[in-house]
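J.: Data file input.txt (compact mmCIF, C-alpha atoms) is appended below.
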# COMPACT_ATOMS: atom_id res chain seq x y z
CA MET A 42 -4.48 -25.33 -10.87
CA LYS A 43 -5.03 -27.05 -7.50
CA ALA A 44 -7.29 -29.64 -9.12
CA ARG A 45 -4.70 -30.34 -11.79
CA ARG A 46 -1.93 -30.84 -9.25
CA ALA A 47 -4.19 -33.11 -7.23
CA ALA A 48 -4.82 -35.20 -10.35
CA MET A 49 -1.07 -35.48 -10.89
CA MET A 50 -0.58 -36.72 -7.33
CA LEU A 51 -3.37 -39.29 -7.68
CA ALA A 52 -1.93 -40.55 -10.96
CA LEU A 53 1.46 -40.87 -9.35
CA ALA A 54 0.10 -42.78 -6.36
CA ALA A 55 -1.84 -45.17 -8.59
CA SER A 56 1.05 -45.89 -10.95
CA THR A 57 3.64 -48.61 -10.75
CA TRP A 58 7.03 -48.10 -12.32
CA PRO A 59 9.24 -50.58 -14.19
CA ALA A 60 11.85 -52.20 -11.99
CA ALA A 61 14.67 -51.68 -14.48
CA PRO A 62 15.93 -48.08 -14.73
CA ALA A 63 17.86 -46.63 -17.64
CA ARG A 64 21.55 -47.33 -17.00
CA ALA A 65 24.84 -47.00 -18.76
CA ALA A 66 25.31 -49.93 -21.13
CA GLY A 67 26.66 -52.97 -19.37
CA ASP A 68 26.71 -51.39 -15.91
CA ASP A 69 24.21 -52.89 -13.49
CA THR A 70 25.66 -50.88 -10.63
CA ALA A 71 24.84 -47.47 -12.15
CA LEU A 72 22.23 -45.25 -10.54
CA GLY A 73 20.06 -44.96 -13.65
CA THR A 74 16.99 -42.83 -14.30
CA SER A 75 13.94 -44.30 -12.59
CA ARG A 76 11.23 -42.59 -14.62
CA THR A 77 10.27 -39.51 -16.61
CA LEU A 78 7.70 -37.02 -15.35
CA MET A 79 6.18 -35.06 -18.24
CA LEU A 80 4.69 -31.81 -17.04
CA PRO A 81 2.13 -29.66 -18.88
CA ARG A 82 3.05 -26.28 -20.29
CA GLU A 83 0.96 -24.32 -17.80
CA GLY A 84 3.12 -21.67 -16.16
CA ALA A 85 3.21 -23.48 -12.81
CA ALA A 86 5.83 -23.04 -10.06
CA TYR A 87 7.64 -25.75 -8.10
CA GLY A 88 10.27 -26.04 -5.38
CA ARG A 89 9.46 -25.80 -1.68
CA ALA A 90 11.99 -23.08 -1.01
CA GLN A 91 9.39 -20.73 -2.54
CA HIS A 92 6.50 -22.77 -4.00
CA GLY A 93 4.77 -26.12 -3.79
CA PRO A 94 6.33 -29.56 -4.34
CA LEU A 95 6.64 -31.56 -7.51
CA PRO A 96 4.53 -34.75 -7.53
CA LEU A 97 7.36 -37.00 -6.35
CA ALA A 98 7.24 -40.14 -4.25
CA PRO A 99 9.43 -40.48 -1.15
CA GLY A 100 13.01 -41.18 -2.17
CA GLU A 101 12.71 -39.53 -5.59
CA VAL A 102 15.02 -36.70 -6.64
CA VAL A 103 15.28 -34.39 -9.65
CA LEU A 104 18.83 -33.27 -10.46
CA THR A 105 19.16 -29.75 -11.87
CA PHE A 106 22.23 -27.76 -12.91
CA ASP A 107 22.53 -23.96 -13.21
CA ASP A 108 24.83 -21.42 -14.88
CA GLY A 109 26.19 -23.40 -17.85
CA PRO A 110 27.25 -24.31 -20.34
CA HIS A 111 30.85 -24.10 -19.12
CA ALA A 112 33.58 -25.13 -21.56
CA GLU A 113 35.62 -27.19 -19.08
CA ASN A 114 33.18 -28.31 -16.40
CA THR A 115 29.95 -29.07 -18.27
CA PRO A 116 31.61 -31.87 -20.31
CA ARG A 117 32.79 -33.47 -17.05
CA VAL A 118 29.27 -33.26 -15.64
CA LEU A 119 27.86 -34.81 -18.81
CA GLN A 120 30.41 -37.62 -18.64
CA ALA A 121 29.48 -38.44 -15.04
CA LEU A 122 25.75 -38.40 -15.81
CA LYS A 123 26.23 -40.62 -18.85
CA ALA A 124 28.32 -43.13 -16.89
CA ALA A 125 25.56 -43.33 -14.28
CA GLY A 126 22.69 -43.46 -16.78
CA VAL A 127 21.17 -40.31 -15.27
CA ARG A 128 19.22 -37.57 -17.02
CA ALA A 129 19.01 -34.09 -15.56
CA THR A 130 17.65 -30.60 -16.25
CA PHE A 131 20.12 -27.86 -17.19
CA PHE A 132 19.08 -24.25 -16.58
CA LEU A 133 21.40 -22.47 -19.02
CA ASN A 134 22.28 -18.79 -19.19
CA GLY A 135 21.96 -17.10 -22.56
CA GLU A 136 25.44 -15.59 -22.80
CA PRO A 137 27.37 -18.86 -22.32
CA LEU A 138 24.77 -20.63 -24.46
CA LEU A 139 25.72 -18.40 -27.38
CA ARG A 140 29.45 -18.73 -26.59
CA HIS A 141 29.29 -22.53 -26.52
CA PRO A 142 26.44 -23.56 -28.84
CA ALA A 143 27.91 -26.98 -29.68
CA LEU A 144 28.16 -27.81 -25.99
CA ALA A 145 24.56 -26.73 -25.38
CA ARG A 146 23.46 -28.96 -28.27
CA GLN A 147 25.44 -31.81 -26.71
CA VAL A 148 23.52 -31.38 -23.45
CA GLN A 149 20.28 -31.67 -25.39
CA ALA A 150 21.47 -34.52 -27.63
CA GLU A 151 22.42 -36.66 -24.62
CA GLY A 152 18.80 -36.67 -23.48
CA HIS A 153 18.86 -33.95 -20.84
CA THR A 154 16.22 -31.25 -20.59
CA VAL A 155 17.35 -27.69 -21.32
CA ALA A 156 15.64 -24.79 -19.55
CA MET A 157 16.33 -21.08 -18.98
CA HIS A 158 18.27 -19.26 -16.26
CA GLY A 159 18.21 -15.75 -17.71
CA PHE A 160 20.23 -14.32 -20.56
CA ARG A 161 22.49 -12.66 -17.98
CA HIS A 162 22.84 -13.80 -14.39
CA HIS A 163 20.92 -10.84 -12.98
CA ASN A 164 19.24 -10.31 -9.66
CA PHE A 165 15.87 -9.79 -11.34
CA ALA A 166 14.21 -8.41 -8.23
CA GLY A 167 16.46 -5.35 -8.55
CA LEU A 168 15.82 -4.64 -12.25
CA PRO A 169 13.17 -2.39 -13.82
CA PRO A 170 10.35 -4.47 -15.33
CA GLN A 171 11.27 -3.52 -18.91
CA GLU A 172 14.83 -4.84 -18.40
CA GLN A 173 13.48 -8.06 -16.94
CA LEU A 174 11.25 -8.62 -19.97
CA ALA A 175 14.09 -7.76 -22.36
CA ASP A 176 16.29 -10.36 -20.68
CA LEU A 177 13.58 -13.01 -20.99
CA GLN A 178 13.15 -12.21 -24.67
CA ALA A 179 16.91 -12.40 -25.29
CA MET A 180 17.05 -15.72 -23.45
CA ARG A 181 14.22 -17.22 -25.48
CA GLU A 182 15.79 -16.03 -28.74
CA ALA A 183 19.16 -17.54 -27.76
CA HIS A 184 17.46 -20.85 -26.98
CA ARG A 185 15.59 -20.86 -30.27
CA SER A 186 18.66 -19.97 -32.36
CA VAL A 187 20.90 -22.64 -30.82
CA LEU A 188 18.52 -25.43 -29.83
CA GLY A 189 15.27 -24.78 -31.65
CA GLY A 190 11.82 -25.04 -30.14
CA GLU A 191 10.31 -23.16 -27.24
CA PRO A 192 11.77 -23.58 -23.74
CA ALA A 193 9.21 -24.57 -21.10
CA ALA A 194 10.92 -23.78 -17.78
CA TRP A 195 12.81 -20.97 -16.06
CA ARG A 196 14.78 -20.57 -12.83
CA PHE A 197 15.53 -17.09 -11.50
CA PRO A 198 19.23 -16.44 -10.82
CA PHE A 199 19.80 -16.25 -7.06
CA LEU A 200 16.14 -17.40 -6.81
CA SER A 201 15.35 -13.66 -6.89
CA GLU A 202 11.79 -13.81 -8.21
CA SER A 203 9.96 -10.69 -9.32
CA PRO A 204 6.19 -10.18 -9.65
CA ALA A 205 6.45 -8.61 -13.12
CA LEU A 206 8.40 -11.47 -14.63
CA ARG A 207 6.39 -14.12 -12.77
CA ASP A 208 3.23 -12.73 -14.37
CA THR A 209 4.79 -12.80 -17.84
CA LEU A 210 6.13 -16.34 -17.41
CA ARG A 211 2.70 -17.49 -16.28
CA GLU A 212 1.06 -15.86 -19.29
CA GLN A 213 3.57 -17.56 -21.60
CA ARG A 214 3.01 -20.93 -19.87
CA ILE A 215 6.63 -21.16 -18.74
CA THR A 216 7.05 -23.05 -15.46
CA VAL A 217 9.18 -21.50 -12.72
CA PHE A 218 11.55 -23.71 -10.73
CA SER A 219 12.85 -23.00 -7.30
CA VAL A 220 14.58 -25.75 -5.25
CA ASP A 221 14.01 -28.22 -2.44
CA VAL A 222 17.64 -29.10 -1.69
CA GLY A 223 20.70 -26.89 -2.19
CA ILE A 224 24.23 -27.75 -1.07
CA GLU A 225 26.07 -24.45 -1.62
CA ASP A 226 28.38 -26.08 -4.16
CA TRP A 227 29.41 -22.60 -5.33
CA LEU A 228 31.30 -21.86 -2.12
CA PRO A 229 35.05 -22.34 -2.73
CA GLY A 230 37.36 -24.95 -1.24
CA GLN A 231 34.98 -27.91 -0.84
CA THR A 232 36.03 -31.50 -1.40
CA PRO A 233 33.94 -34.17 -3.16
CA GLU A 234 33.42 -35.90 0.18
CA VAL A 235 32.07 -32.75 1.82
CA LEU A 236 29.68 -32.00 -1.04
CA ALA A 237 28.45 -35.59 -1.31
CA GLU A 238 27.79 -35.89 2.42
CA ARG A 239 25.97 -32.54 2.50
CA LEU A 240 23.77 -33.63 -0.40
CA LEU A 241 22.84 -36.92 1.26
CA GLN A 242 22.25 -35.36 4.65
CA ARG A 243 19.88 -32.74 3.25
CA LEU A 244 18.04 -35.31 1.17
CA ARG A 245 17.56 -37.46 4.27
CA GLU A 246 16.06 -34.45 6.03
CA ARG A 247 13.80 -33.52 3.09
CA GLY A 248 12.87 -37.00 1.84
CA ASP A 249 12.61 -36.10 -1.87
CA GLY A 250 12.78 -33.11 -4.17
CA ILE A 251 14.54 -30.84 -6.63
CA VAL A 252 18.31 -30.69 -6.11
CA LEU A 253 20.21 -27.56 -7.15
CA LEU A 254 23.78 -28.01 -8.46
CA HIS A 255 26.01 -25.88 -10.72
CA ASP A 256 27.73 -27.37 -13.77
CA ALA A 257 29.83 -24.20 -14.08
CA GLN A 258 31.65 -25.12 -10.84
CA GLU A 259 34.85 -27.19 -11.08
CA GLN A 260 34.36 -28.69 -7.63
CA THR A 261 30.83 -29.79 -8.54
CA ALA A 262 32.11 -31.55 -11.65
CA ALA A 263 34.78 -33.24 -9.55
CA ALA A 264 32.29 -34.33 -6.88
CA LEU A 265 29.47 -35.52 -9.14
CA PRO A 266 30.67 -39.13 -9.65
CA LEU A 267 30.84 -39.60 -5.88
CA MET A 268 27.45 -37.95 -5.39
CA LEU A 269 25.86 -40.31 -7.91
CA ARG A 270 27.45 -43.37 -6.29
CA ARG A 271 26.22 -42.27 -2.88
CA LEU A 272 22.69 -41.70 -4.23
CA LYS A 273 22.74 -45.23 -5.66
CA ASP A 274 24.11 -46.75 -2.44
CA GLU A 275 21.36 -45.14 -0.34
CA GLY A 276 18.55 -46.13 -2.70
CA TRP A 277 17.54 -42.73 -4.07
CA ARG A 278 15.73 -42.75 -7.42
CA VAL A 279 16.23 -40.10 -10.12
CA VAL A 280 13.25 -38.61 -11.95
CA HIS A 281 13.76 -36.85 -15.29
CA LEU A 282 11.57 -33.85 -16.21
CA GLN A 283 10.21 -33.18 -19.68
CA TRP A 284 7.58 -31.02 -21.33
CA PRO A 285 5.62 -31.79 -24.51
CA GLU A 286 5.53 -29.36 -27.39
CA SER A 287 1.96 -28.55 -26.39
CA SER A 288 -0.09 -30.06 -23.59
CA THR A 289 -2.88 -29.20 -21.20
CA GLN A 290 -2.76 -32.32 -19.01
CA PRO A 291 0.15 -33.98 -17.18
CA THR A 292 1.45 -37.31 -18.44
CA LEU A 293 3.37 -39.76 -16.30
CA LEU A 294 5.82 -42.01 -18.11
CA GLY A 295 7.56 -45.11 -16.87
CA GLU A 296 10.90 -46.40 -18.07
CA VAL A 297 13.08 -43.96 -19.99
CA PRO A 298 13.45 -45.10 -23.63
Rewrite the structure of this file - the entire thing - as C-alpha cells.
T.:
Amino acid sequence: MKARRAAMMLALAASTWPAAPARAAGDDTALGTSRTLMLPREGAAYGRAQHGPLPLAPGEVVLTFDDGPHAENTPRVLQALKAAGVRATFFLNGEPLLRHPALARQVQAEGHTVAMHGFRHHNFAGLPPQEQLADLQAMREAHRSVLGGEPAAWRFPFLSESPALRDTLREQRITVFSVDVGIEDWLPGQTPEVLAERLLQRLRERGDGIVLLHDAQEQTAAALPLMLRRLKDEGWRVVHLQWPESSTQPTLLGEVP
C-alpha cells in the first residue's frame, strides 16, 4: 500500500496538466475542474482528519458533499457547480437516494461521482457489527437499484469509523474518505460570506485537501456560488475523483473531457 501511494505521488509530481480547465460554456471566468484523479479500487483511506492525504499538489482541492440527495437544496448545488464548470463527489445516504432516485441520477448524469454515506445516518461506532454490515448492504443495494454499478467509496456519518466496518470495506475494496477541511456548514444561522471566508481561511492554513460540505443544507446551497467565486479568485484548483470499474493501479488524467 505504501509503495502504491508513493508511486501515485511520483506520477503526480512528474505530470504536467493542461492549462485549460473544464468550464461552463462561454464563461472564461468560471473556476472549472483542473483535472481528474482516478483512484484504484483498493480499499484505501484518505483525509488527514483520520488518515493519510490524497496525492494532491499545493493549491488543489476536492469538493465533497454529504447527506443528499435533498429535493430543494441539491438542485441548487448542482446548478452552482454546473455554472462554475466544477465536478464534485456526492456521498449520498440510502434513504433519500430511494426517495429521490431521479435527482440521484441527475447528480450522476452531470458528471459528478456518487459515493456512499450509509443507508441511514447512523453513528456506526455505536452500532453492533451485524447492524453496521446490514446498513452497508442496504446502501449498496440502493445504489445498484437506482444508479447501477458498484460504488467505490464510503464516508462514515459523523466520521464515526468502526473497526468492523473498516475491515469489511477494505475486503470489498471500498475506499474510506475522511476530510482535510470542514467548515461546519451544518450549524444554523450562517451567511454566505461567513461560510465562504471560513472555507478560504482553512484552505490557506491547510494548503490543499478534501473539503467537506453538505448539499442537504439550505445555507450551503445559498453560499456555494460565492464559495466557488472566491476559490477562483484566490487561484485554487479543483480535482475531480473517479474510480474505474476494475483497476489495480492508479491512473492520473489531465483535462476533463
J.: When you count all atoms listed in the file, which of these residues is closest to Leu168 of chain A: A:Glu202, A:Pro266, A:Leu188, A:Gln242?
T.: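 Of A:Glu202, A:Pro266, A:Leu188, A:Gln242, the one nearest Leu168 of chain A is A:Glu202, counting all atoms listed in the file.
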J.: Please determine, counting only C-alpha atoms, which residue among A:Thr130, A:Thr115, A:Asn164, A:Gln120 has the shortest atom-to-atom distance to Phe218 of chain A.
T.: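 Going through A:Thr130, A:Thr115, A:Asn164, A:Gln120 one by one, the smallest distance to Phe218 of chain A is for A:Thr130.
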J.: Near Gln173 of chain A, counting all atoms listed in the file, which residues have an atom at most 9 Å away, once you skip same-chain residues fewer than 4 positions from it, shown as a count of residues only?
T.: 10
J.: Give me the residues near Arg181 of chain A as a ChimeraX atom specification, where near means some atom within 12 Å (using all atoms listed in the file) and where sequence neighbours in that chain fewer than 2 positions away do not count.
T.: /A:133-136,138-139,155-160,174-179,183-195,210,213,215
J.: Using only C-alpha atoms, find the one residue out of A:Glu225, A:Glu101, A:Glu113, A:Glu212 that sits nearest to Asp256 of chain A.
T.: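 Closest candidate: A:Glu113.
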J.: Would you please work out which residue, of A:Val252, A:Ala71, A:Met180, A:Ala90, is nearest to Gly276 of chain A when using all atoms listed in the file?
T.: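 That would be A:Ala71, the residue with the smallest distance to Gly276 of chain A.
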J.: With only C-alpha atoms as the atoms that count, which of A:Asp249, A:Glu286, A:Glu238, A:Glu182 lies nearest to Leu267 of chain A?
T.: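 Looking at the shortest contact to Leu267 of chain A, the residue is A:Glu238.
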J.: Around the point (10.4, -15.8, 1.6) (coordinates from the file), which residues reach within 12 Å if we count only C-alpha atoms? Answer as an NGL selection string.
T.: :A and (89-92 or 200-202 or 219)
J.: May I have the selected residues written with C-alpha atoms, as a PDB file, in the frame of the given file?
T.:
ATOM      1  CA  ARG A  89       9.460 -25.800  -1.680  1.00  0.00           C
ATOM      2  CA  ALA A  90      11.990 -23.080  -1.010  1.00  0.00           C
ATOM      3  CA  GLN A  91       9.390 -20.730  -2.540  1.00  0.00           C
ATOM      4  CA  HIS A  92       6.500 -22.770  -4.000  1.00  0.00           C
ATOM      5  CA  LEU A 200      16.140 -17.400  -6.810  1.00  0.00           C
ATOM      6  CA  SER A 201      15.350 -13.660  -6.890  1.00  0.00           C
ATOM      7  CA  GLU A 202      11.790 -13.810  -8.210  1.00  0.00           C
ATOM      8  CA  SER A 219      12.850 -23.000  -7.300  1.00  0.00           C
TER       9      SER A 219
END
J.: Atom CA of Gly230 of chain A to atom CA of Thr261 of chain A: how many Å, to one decimal?
T.: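 Spanning atom CA of Gly230 of chain A to atom CA of Thr261 of chain A is a straight-line distance of 10.9 Å.
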J.: Please measure the separation of atom CA of Leu78 of chain A and atom CA of Leu282 of chain A, giving the value in Å to one decimal.
T.: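 So the two atoms, atom CA of Leu78 of chain A and atom CA of Leu282 of chain A, lie 5.1 Å apart.
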J.: Please identify all polymer residues within 12 Å of Pro94 of chain A, counting only C-alpha atoms, omitting same-chain residues fewer than 2 positions from it, and present them as an mmCIF file with C-alpha atoms, in the frame of the given file.
T.:
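This went into around-v1.cif:
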data_model
loop_
_atom_site.group_PDB
_atom_site.id
_atom_site.type_symbol
_atom_site.label_atom_id
_atom_site.label_comp_id
_atom_site.auth_asym_id
_atom_site.auth_seq_id
_atom_site.Cartn_x
_atom_site.Cartn_y
_atom_site.Cartn_z
ATOM 1 C CA ARG A 46 -1.930 -30.840 -9.250
ATOM 2 C CA ALA A 47 -4.190 -33.110 -7.230
ATOM 3 C CA MET A 49 -1.070 -35.480 -10.890
ATOM 4 C CA MET A 50 -0.580 -36.720 -7.330
ATOM 5 C CA ALA A 85 3.210 -23.480 -12.810
ATOM 6 C CA ALA A 86 5.830 -23.040 -10.060
ATOM 7 C CA TYR A 87 7.640 -25.750 -8.100
ATOM 8 C CA GLY A 88 10.270 -26.040 -5.380
ATOM 9 C CA ARG A 89 9.460 -25.800 -1.680
ATOM 10 C CA ALA A 90 11.990 -23.080 -1.010
ATOM 11 C CA GLN A 91 9.390 -20.730 -2.540
ATOM 12 C CA HIS A 92 6.500 -22.770 -4.000
ATOM 13 C CA PRO A 96 4.530 -34.750 -7.530
ATOM 14 C CA LEU A 97 7.360 -37.000 -6.350
ATOM 15 C CA ALA A 98 7.240 -40.140 -4.250
ATOM 16 C CA PRO A 99 9.430 -40.480 -1.150
ATOM 17 C CA GLU A 101 12.710 -39.530 -5.590
ATOM 18 C CA VAL A 102 15.020 -36.700 -6.640
ATOM 19 C CA VAL A 103 15.280 -34.390 -9.650
ATOM 20 C CA VAL A 217 9.180 -21.500 -12.720
ATOM 21 C CA PHE A 218 11.550 -23.710 -10.730
ATOM 22 C CA SER A 219 12.850 -23.000 -7.300
ATOM 23 C CA VAL A 220 14.580 -25.750 -5.250
ATOM 24 C CA ASP A 221 14.010 -28.220 -2.440
ATOM 25 C CA VAL A 222 17.640 -29.100 -1.690
ATOM 26 C CA ARG A 247 13.800 -33.520 3.090
ATOM 27 C CA GLY A 248 12.870 -37.000 1.840
ATOM 28 C CA ASP A 249 12.610 -36.100 -1.870
ATOM 29 C CA GLY A 250 12.780 -33.110 -4.170
ATOM 30 C CA ILE A 251 14.540 -30.840 -6.630
#
J.: Hey, which of A:Gly73, A:Gln171, A:Arg271, A:Val118 ends up closest to Thr209 of chain A? Count only C-alpha atoms.
T.: A:Gln171
J.: Could you tell me how far atom CA of Glu259 of chain A lies from atom CA of Asp274 of chain A, in Å and to one decimal?
T.: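 These two atoms are separated by 23.9 Å.
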J.: Give the padded box for segment 73-82 of chain A as AutoDock Vina command-line options: axis-aligned, covering all atoms listed in the file, 5 Å on each side, centre and edge lengths in Å to one decimal.
T.:
--center_x 11.1 --center_y -35.6 --center_z -16.4 --size_x 27.9 --size_y 28.7 --size_z 17.7
J.: Tell me which protein, DNA and RNA residues are within 6 Å of Gly84 of chain A, counting only C-alpha atoms, leaving out same-chain ones fewer than 4 positions away, and put them as number ranges by chain.
T.: A: 211, 214-216
J.: I'd like the neighbourhood of Leu265 of chain A as a VMD selection string, where a residue qualifies if any of its atoms comes within 10 Å (using all atoms listed in the file), though same-chain residues fewer than 3 positions away should be ignored.
T.: chain A and resid 117 to 122 233 236 to 237 254 256 260 to 262 268 to 271
J.: Now that the selection is made, can you save its residues with C-alpha atoms as an mmCIF file, in the coordinates of the input?
T.:
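Final output, saved to selection-v9.cif:
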data_model
loop_
_atom_site.group_PDB
_atom_site.id
_atom_site.type_symbol
_atom_site.label_atom_id
_atom_site.label_comp_id
_atom_site.auth_asym_id
_atom_site.auth_seq_id
_atom_site.Cartn_x
_atom_site.Cartn_y
_atom_site.Cartn_z
ATOM 1 C CA ARG A 117 32.790 -33.470 -17.050
ATOM 2 C CA VAL A 118 29.270 -33.260 -15.640
ATOM 3 C CA LEU A 119 27.860 -34.810 -18.810
ATOM 4 C CA GLN A 120 30.410 -37.620 -18.640
ATOM 5 C CA ALA A 121 29.480 -38.440 -15.040
ATOM 6 C CA LEU A 122 25.750 -38.400 -15.810
ATOM 7 C CA PRO A 233 33.940 -34.170 -3.160
ATOM 8 C CA LEU A 236 29.680 -32.000 -1.040
ATOM 9 C CA ALA A 237 28.450 -35.590 -1.310
ATOM 10 C CA LEU A 254 23.780 -28.010 -8.460
ATOM 11 C CA ASP A 256 27.730 -27.370 -13.770
ATOM 12 C CA GLN A 260 34.360 -28.690 -7.630
ATOM 13 C CA THR A 261 30.830 -29.790 -8.540
ATOM 14 C CA ALA A 262 32.110 -31.550 -11.650
ATOM 15 C CA MET A 268 27.450 -37.950 -5.390
ATOM 16 C CA LEU A 269 25.860 -40.310 -7.910
ATOM 17 C CA ARG A 270 27.450 -43.370 -6.290
ATOM 18 C CA ARG A 271 26.220 -42.270 -2.880
#
J.: Please complete segment 171-182 of chain A with N, CA and C atoms and give it back as a tab-separated table (two decimals), in the coordinates of the input.
T.:
chain	number	residue	atom	x	y	z
A	171	GLN	N	10.98	-3.44	-17.49
A	171	GLN	CA	11.27	-3.52	-18.91
A	171	GLN	C	12.59	-4.25	-19.17
A	172	GLU	N	13.57	-4.12	-18.24
A	172	GLU	CA	14.83	-4.84	-18.40
A	172	GLU	C	14.65	-6.33	-18.13
A	173	GLN	N	13.78	-6.66	-17.20
A	173	GLN	CA	13.48	-8.06	-16.94
A	173	GLN	C	12.87	-8.72	-18.18
A	174	LEU	N	11.91	-8.06	-18.79
A	174	LEU	CA	11.25	-8.62	-19.97
A	174	LEU	C	12.21	-8.71	-21.14
A	175	ALA	N	13.11	-7.72	-21.28
A	175	ALA	CA	14.09	-7.76	-22.36
A	175	ALA	C	15.05	-8.94	-22.18
A	176	ASP	N	15.42	-9.23	-20.94
A	176	ASP	CA	16.29	-10.36	-20.68
A	176	ASP	C	15.59	-11.68	-21.03
A	177	LEU	N	14.34	-11.81	-20.64
A	177	LEU	CA	13.58	-13.01	-20.99
A	177	LEU	C	13.50	-13.18	-22.50
A	178	GLN	N	13.23	-12.12	-23.22
A	178	GLN	CA	13.15	-12.21	-24.67
A	178	GLN	C	14.48	-12.62	-25.28
A	179	ALA	N	15.58	-12.03	-24.79
A	179	ALA	CA	16.91	-12.40	-25.29
A	179	ALA	C	17.22	-13.86	-24.98
A	180	MET	N	16.82	-14.33	-23.82
A	180	MET	CA	17.05	-15.72	-23.45
A	180	MET	C	16.28	-16.66	-24.35
A	181	ARG	N	15.03	-16.36	-24.61
A	181	ARG	CA	14.22	-17.22	-25.48
A	181	ARG	C	14.78	-17.24	-26.90
A	182	GLU	N	15.23	-16.08	-27.39
A	182	GLU	CA	15.79	-16.03	-28.74
A	182	GLU	C	17.09	-16.82	-28.82
